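Below is one structure, written out as structure tokens; comments come after it.
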Amino acid sequence: MEDDIYTYRWKFKLPENCYTPLSENQDEKLANFFHIFQLKAIRGGENAMPVATFTIEDDYLMFQKIPISGRGMGYNNIIGDKIPLKDIEGKWLSAAVTVLYRDEGYIHVKLDDMETDTELINTGTELDTWRRPELGEGATTYESDFPAVVGQGIRCKWGLYRKYIPDAYRLNPEEGGNSAINEAALPSWWTDATMWVGDIEVKREDRSSYRFPAGFDVGDYTLPAEGEGLEEHSAPLDGGINYAKDASIKICGKEGNSHGGDKLLDGDETTSWDTPKAMLNTDSANADKVYWAALDLGAVHDINKFIIQFNTTSNKLCGYQIYSAGADGKAAYDEIQDGQTDDPRKLTHWDTWDEVEGVGYHPGINKYVKAYQMNIFDAANGSFDALEDVQYLLILGDVVHDNSEKSIKTTMFKAINTDEQPEIPSAGYDQGENLAAGDHVRVKVSTASEHKPGGVSLAPKEYTSQFLIDNDDTTR
């Protein structure tokens with residue numbers, strides 16, 4: 001979580017000839033990667049690129065910091081020295097990475113050769129180690145100032161993360177990653193890889209007493225004196241409590257089972273609620289349909305901020321408006337039928353709904369909700385008057401009926417009270433204690449136990465391995 005300090009310790013060994021360039025073609029080579037350790041965001045589109053990695057490249061092992069969306073990856077982002085593989089192949093190494101997770105965070109890396117008791121890397125650097133929602137697309141992508149998505153965190157991953165095998169090299173190319181590798185079709189430059197890993201430890205440090213190693217600071221934050229902790233971060237998670245997150249929801253319909261209303265409320269901008277494609281048709285069964293989603297927050301709450309975000313095909317939505325009702329709005333909510341109601345404005349209890357003035361988007365004649373549009377309505381800056389005792393919400397807008405067979409994709413809706421702060425989950429452990437089994441770390445392999453990994457390779461021909469903390473189905 002933001003403001004936490006974590007230390008990751010483990011031992012690993014790379015066998016001789018563990019690395020062969022994935023291609024002799026320079027363009028292909030630059031597009032490839034080979035990571036053996038990653039720190040990655042958990043949620044949202046910002047989980048695509050790691051925060052930092054141990055990487056093998058050009059016969060060197062290096063620790064890299066990765067800017068947002070991977071821009072600027074390469075040797076300029078190496079933390080510490082590049083270690084020639086010939087100097088460490090076949091040897092057990094001991095690694096420790098300690099991270100302060102903040103926008104202006106810090107990361108310290110230590111790597112030792114256990115056989116010769118030689119220090120290979122011992123350095124630290126300021127780094128943006130937290131991840132907020134990204135805006136833009138491609139080369140223009142940038143990290144926004146919006147609060148991190150609900151449930152955001154940084155996960156640790158051990159394994160063999162290499163560029164995804166093209167479908168052409170699979171036994172059944174049409175099945176993509178679900179098909180086995182066609183070994184006979186692999187190009188000559190492709191080789192398998194092996195690594196041994198043991199003694200994995202993940203520790204949440206005690207912020208009231210932890211100090212980075214002598215000689216290393218933490219960016220704008222000075223080292224605490226003995227017994228003093230780092231400055232606490234006062235901003236609440238997600239800027240307050242999002243009451244839409246656990247709401248019950250009814251929708252005008254959905255396209256496919258995996259694009260329902262739950263995707264609108266999950267806080268993840270990479271998922272979306274998709275309206276039925278047929279809804280835009282001009283036939284009698286669809287001509288009167290409109291875009292709507294109705295929420296029951298479960299109890300009355302005060303709301304002073306709304307966030308709604310759309311995807312690429314939102315240009316079939318002719319604007320929208322948000323309405324609210326208190327506890328007395330139950331009959332109005334109940335008469336709206338999930339997937340059945342064409343237009344809530346034609347129902348008996350429509351007058352119960354109050355238009356939330358200032359919370360909507362009305363682009364005008366022949367103009368529509370834009371692709372990737374995000375609207376933030378905040379009572380603090382005068383967007384609207386804060387709502388009191390709200391239990392029911394309705395998002396409603398007219399659509400373009402043109403037989404285009406497209407879905408209106410809505411990726412996020414939040415109804416927030418920024419004056420309240422959620423309880424920070426403890427995850428069942430105390431600061432300063434190792435994470436127990438079940439608290440995200442699923443394995444601990446000891447070189448002193450019967451699970452000693454010497455001679456046991458991490459399955460090189462699978463997406464996952466017995467020592468992986470987390471799956472990554474985009475790599476092999």
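Identifiers for the structure tokens are assigned positionally: chains receive A, B, ... in sequence, residues are indexed from 1 per chain, and ligands are indexed from 1 in the order shown.
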Write out as JSON, numbers by chain the residues lying within 9 Å of Val356 of chain A, counting only C-alpha atoms and excluding same-chain residues fewer than 2 positions away.
-> {"A": [321, 322, 323, 324, 354, 358, 359, 360, 384, 385, 387]}
Output as a ChimeraX atom specification all residues of segment 203-420 of chain A that backbone DSSP marks as strand (DSSP E).
-> /A:203-204,241-242,248-251,273-274,291-303,305-310,320-325,354-361,374-378,387-397,409-417
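By only C-alpha atoms, and with residues fewer than 2 positions from Ile365 of chain A along its chain excluded, the set lying at most 12 Å from it is Leu317, Cys318, Gly319, His362, Pro363, Lys367, Tyr368, Val369, Asp398 and Val400 of chain A.
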Could you list, as a PDB file with N, CA and C atoms, in the first residue's frame, every residue within 9 Å of Ile303 of chain A, counting only C-alpha atoms and ignoring same-chain residues fewer than 3 positions away?
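The resulting file, around02.pdb, is shown below:
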```
ATOM      1  N   ASN A 242     -15.665   5.260  -1.422  1.00  0.00           N
ATOM      2  CA  ASN A 242     -16.460   5.095  -2.641  1.00  0.00           C
ATOM      3  C   ASN A 242     -17.626   4.162  -2.334  1.00  0.00           C
ATOM      4  N   TYR A 243     -18.815   4.727  -2.152  1.00  0.00           N
ATOM      5  CA  TYR A 243     -19.970   3.920  -1.762  1.00  0.00           C
ATOM      6  C   TYR A 243     -20.570   3.150  -2.932  1.00  0.00           C
ATOM      7  N   PHE A 306     -18.214  12.582  -7.712  1.00  0.00           N
ATOM      8  CA  PHE A 306     -18.530  11.515  -8.646  1.00  0.00           C
ATOM      9  C   PHE A 306     -17.410  11.403  -9.678  1.00  0.00           C
ATOM     10  N   ALA A 379     -17.753  18.463  -5.409  1.00  0.00           N
ATOM     11  CA  ALA A 379     -18.433  19.568  -4.727  1.00  0.00           C
ATOM     12  C   ALA A 379     -17.445  20.571  -4.148  1.00  0.00           C
ATOM     13  N   ALA A 386     -23.091  19.290  -2.571  1.00  0.00           N
ATOM     14  CA  ALA A 386     -22.956  17.974  -1.964  1.00  0.00           C
ATOM     15  C   ALA A 386     -24.325  17.393  -1.613  1.00  0.00           C
ATOM     16  N   LEU A 387     -24.470  16.089  -1.834  1.00  0.00           N
ATOM     17  CA  LEU A 387     -25.738  15.408  -1.578  1.00  0.00           C
ATOM     18  C   LEU A 387     -25.753  14.824  -0.172  1.00  0.00           C
ATOM     19  N   GLU A 388     -26.921  14.862   0.456  1.00  0.00           N
ATOM     20  CA  GLU A 388     -27.083  14.293   1.789  1.00  0.00           C
ATOM     21  C   GLU A 388     -28.120  13.179   1.754  1.00  0.00           C
ATOM     22  N   ASP A 389     -27.858  12.138   2.501  1.00  0.00           N
ATOM     23  CA  ASP A 389     -28.805  11.036   2.695  1.00  0.00           C
ATOM     24  C   ASP A 389     -29.278  10.431   1.372  1.00  0.00           C
ATOM     25  N   VAL A 390     -28.330  10.061   0.539  1.00  0.00           N
ATOM     26  CA  VAL A 390     -28.626   9.437  -0.742  1.00  0.00           C
ATOM     27  C   VAL A 390     -28.494   7.917  -0.619  1.00  0.00           C
ATOM     28  N   ALA A 415     -19.038   6.929  -6.529  1.00  0.00           N
ATOM     29  CA  ALA A 415     -19.797   7.912  -5.764  1.00  0.00           C
ATOM     30  C   ALA A 415     -19.125   8.018  -4.408  1.00  0.00           C
ATOM     31  N   ILE A 416     -18.459   9.123  -4.141  1.00  0.00           N
ATOM     32  CA  ILE A 416     -17.488   9.206  -3.055  1.00  0.00           C
ATOM     33  C   ILE A 416     -17.882  10.262  -2.025  1.00  0.00           C
ATOM     34  N   ASN A 417     -17.584   9.977  -0.783  1.00  0.00           N
ATOM     35  CA  ASN A 417     -17.598  10.993   0.272  1.00  0.00           C
ATOM     36  C   ASN A 417     -16.150  11.208   0.696  1.00  0.00           C
ATOM     37  N   THR A 418     -15.590  12.356   0.299  1.00  0.00           N
ATOM     38  CA  THR A 418     -14.166  12.604   0.572  1.00  0.00           C
ATOM     39  C   THR A 418     -13.921  13.014   2.017  1.00  0.00           C
TER      40      THR A 418
END
```
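Using only C-alpha atoms, the smallest distance between any of A:Asp274, A:Glu269, A:Glu104, A:Asp296 and Ala244 of chain A comes from A:Asp296.
The shell of residues at most 7 Å from segment 78-80 of chain A, with only C-alpha atoms counted and near chain neighbours (fewer than 5 positions) removed, consists of Met62, Phe63, Gln64, Lys65, Ile121, Asn122 and Thr123 of chain A.
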Expected file: the selected residues, N, CA and C atoms, as a compact mmCIF listing (two decimals), in the first residue's frame:
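Output (result.txt):
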```txt
# COMPACT_ATOMS: atom_id res chain seq x y z
N MET A 62 21.21 -7.12 -14.41
CA MET A 62 21.11 -5.74 -13.95
C MET A 62 19.79 -5.52 -13.25
N PHE A 63 19.75 -4.50 -12.42
CA PHE A 63 18.50 -4.10 -11.77
C PHE A 63 18.03 -2.81 -12.43
N GLN A 64 16.80 -2.82 -12.97
CA GLN A 64 16.31 -1.68 -13.72
C GLN A 64 15.10 -1.04 -13.04
N LYS A 65 15.06 0.27 -13.05
CA LYS A 65 13.83 0.98 -12.68
C LYS A 65 13.09 1.28 -13.99
N ILE A 121 26.12 -5.42 -5.78
CA ILE A 121 25.34 -4.19 -5.87
C ILE A 121 24.98 -3.75 -4.46
N ASN A 122 25.12 -2.48 -4.19
CA ASN A 122 24.67 -1.91 -2.92
C ASN A 122 24.42 -0.43 -3.16
N THR A 123 23.21 -0.12 -3.58
CA THR A 123 22.92 1.27 -3.93
C THR A 123 21.43 1.54 -3.82
```
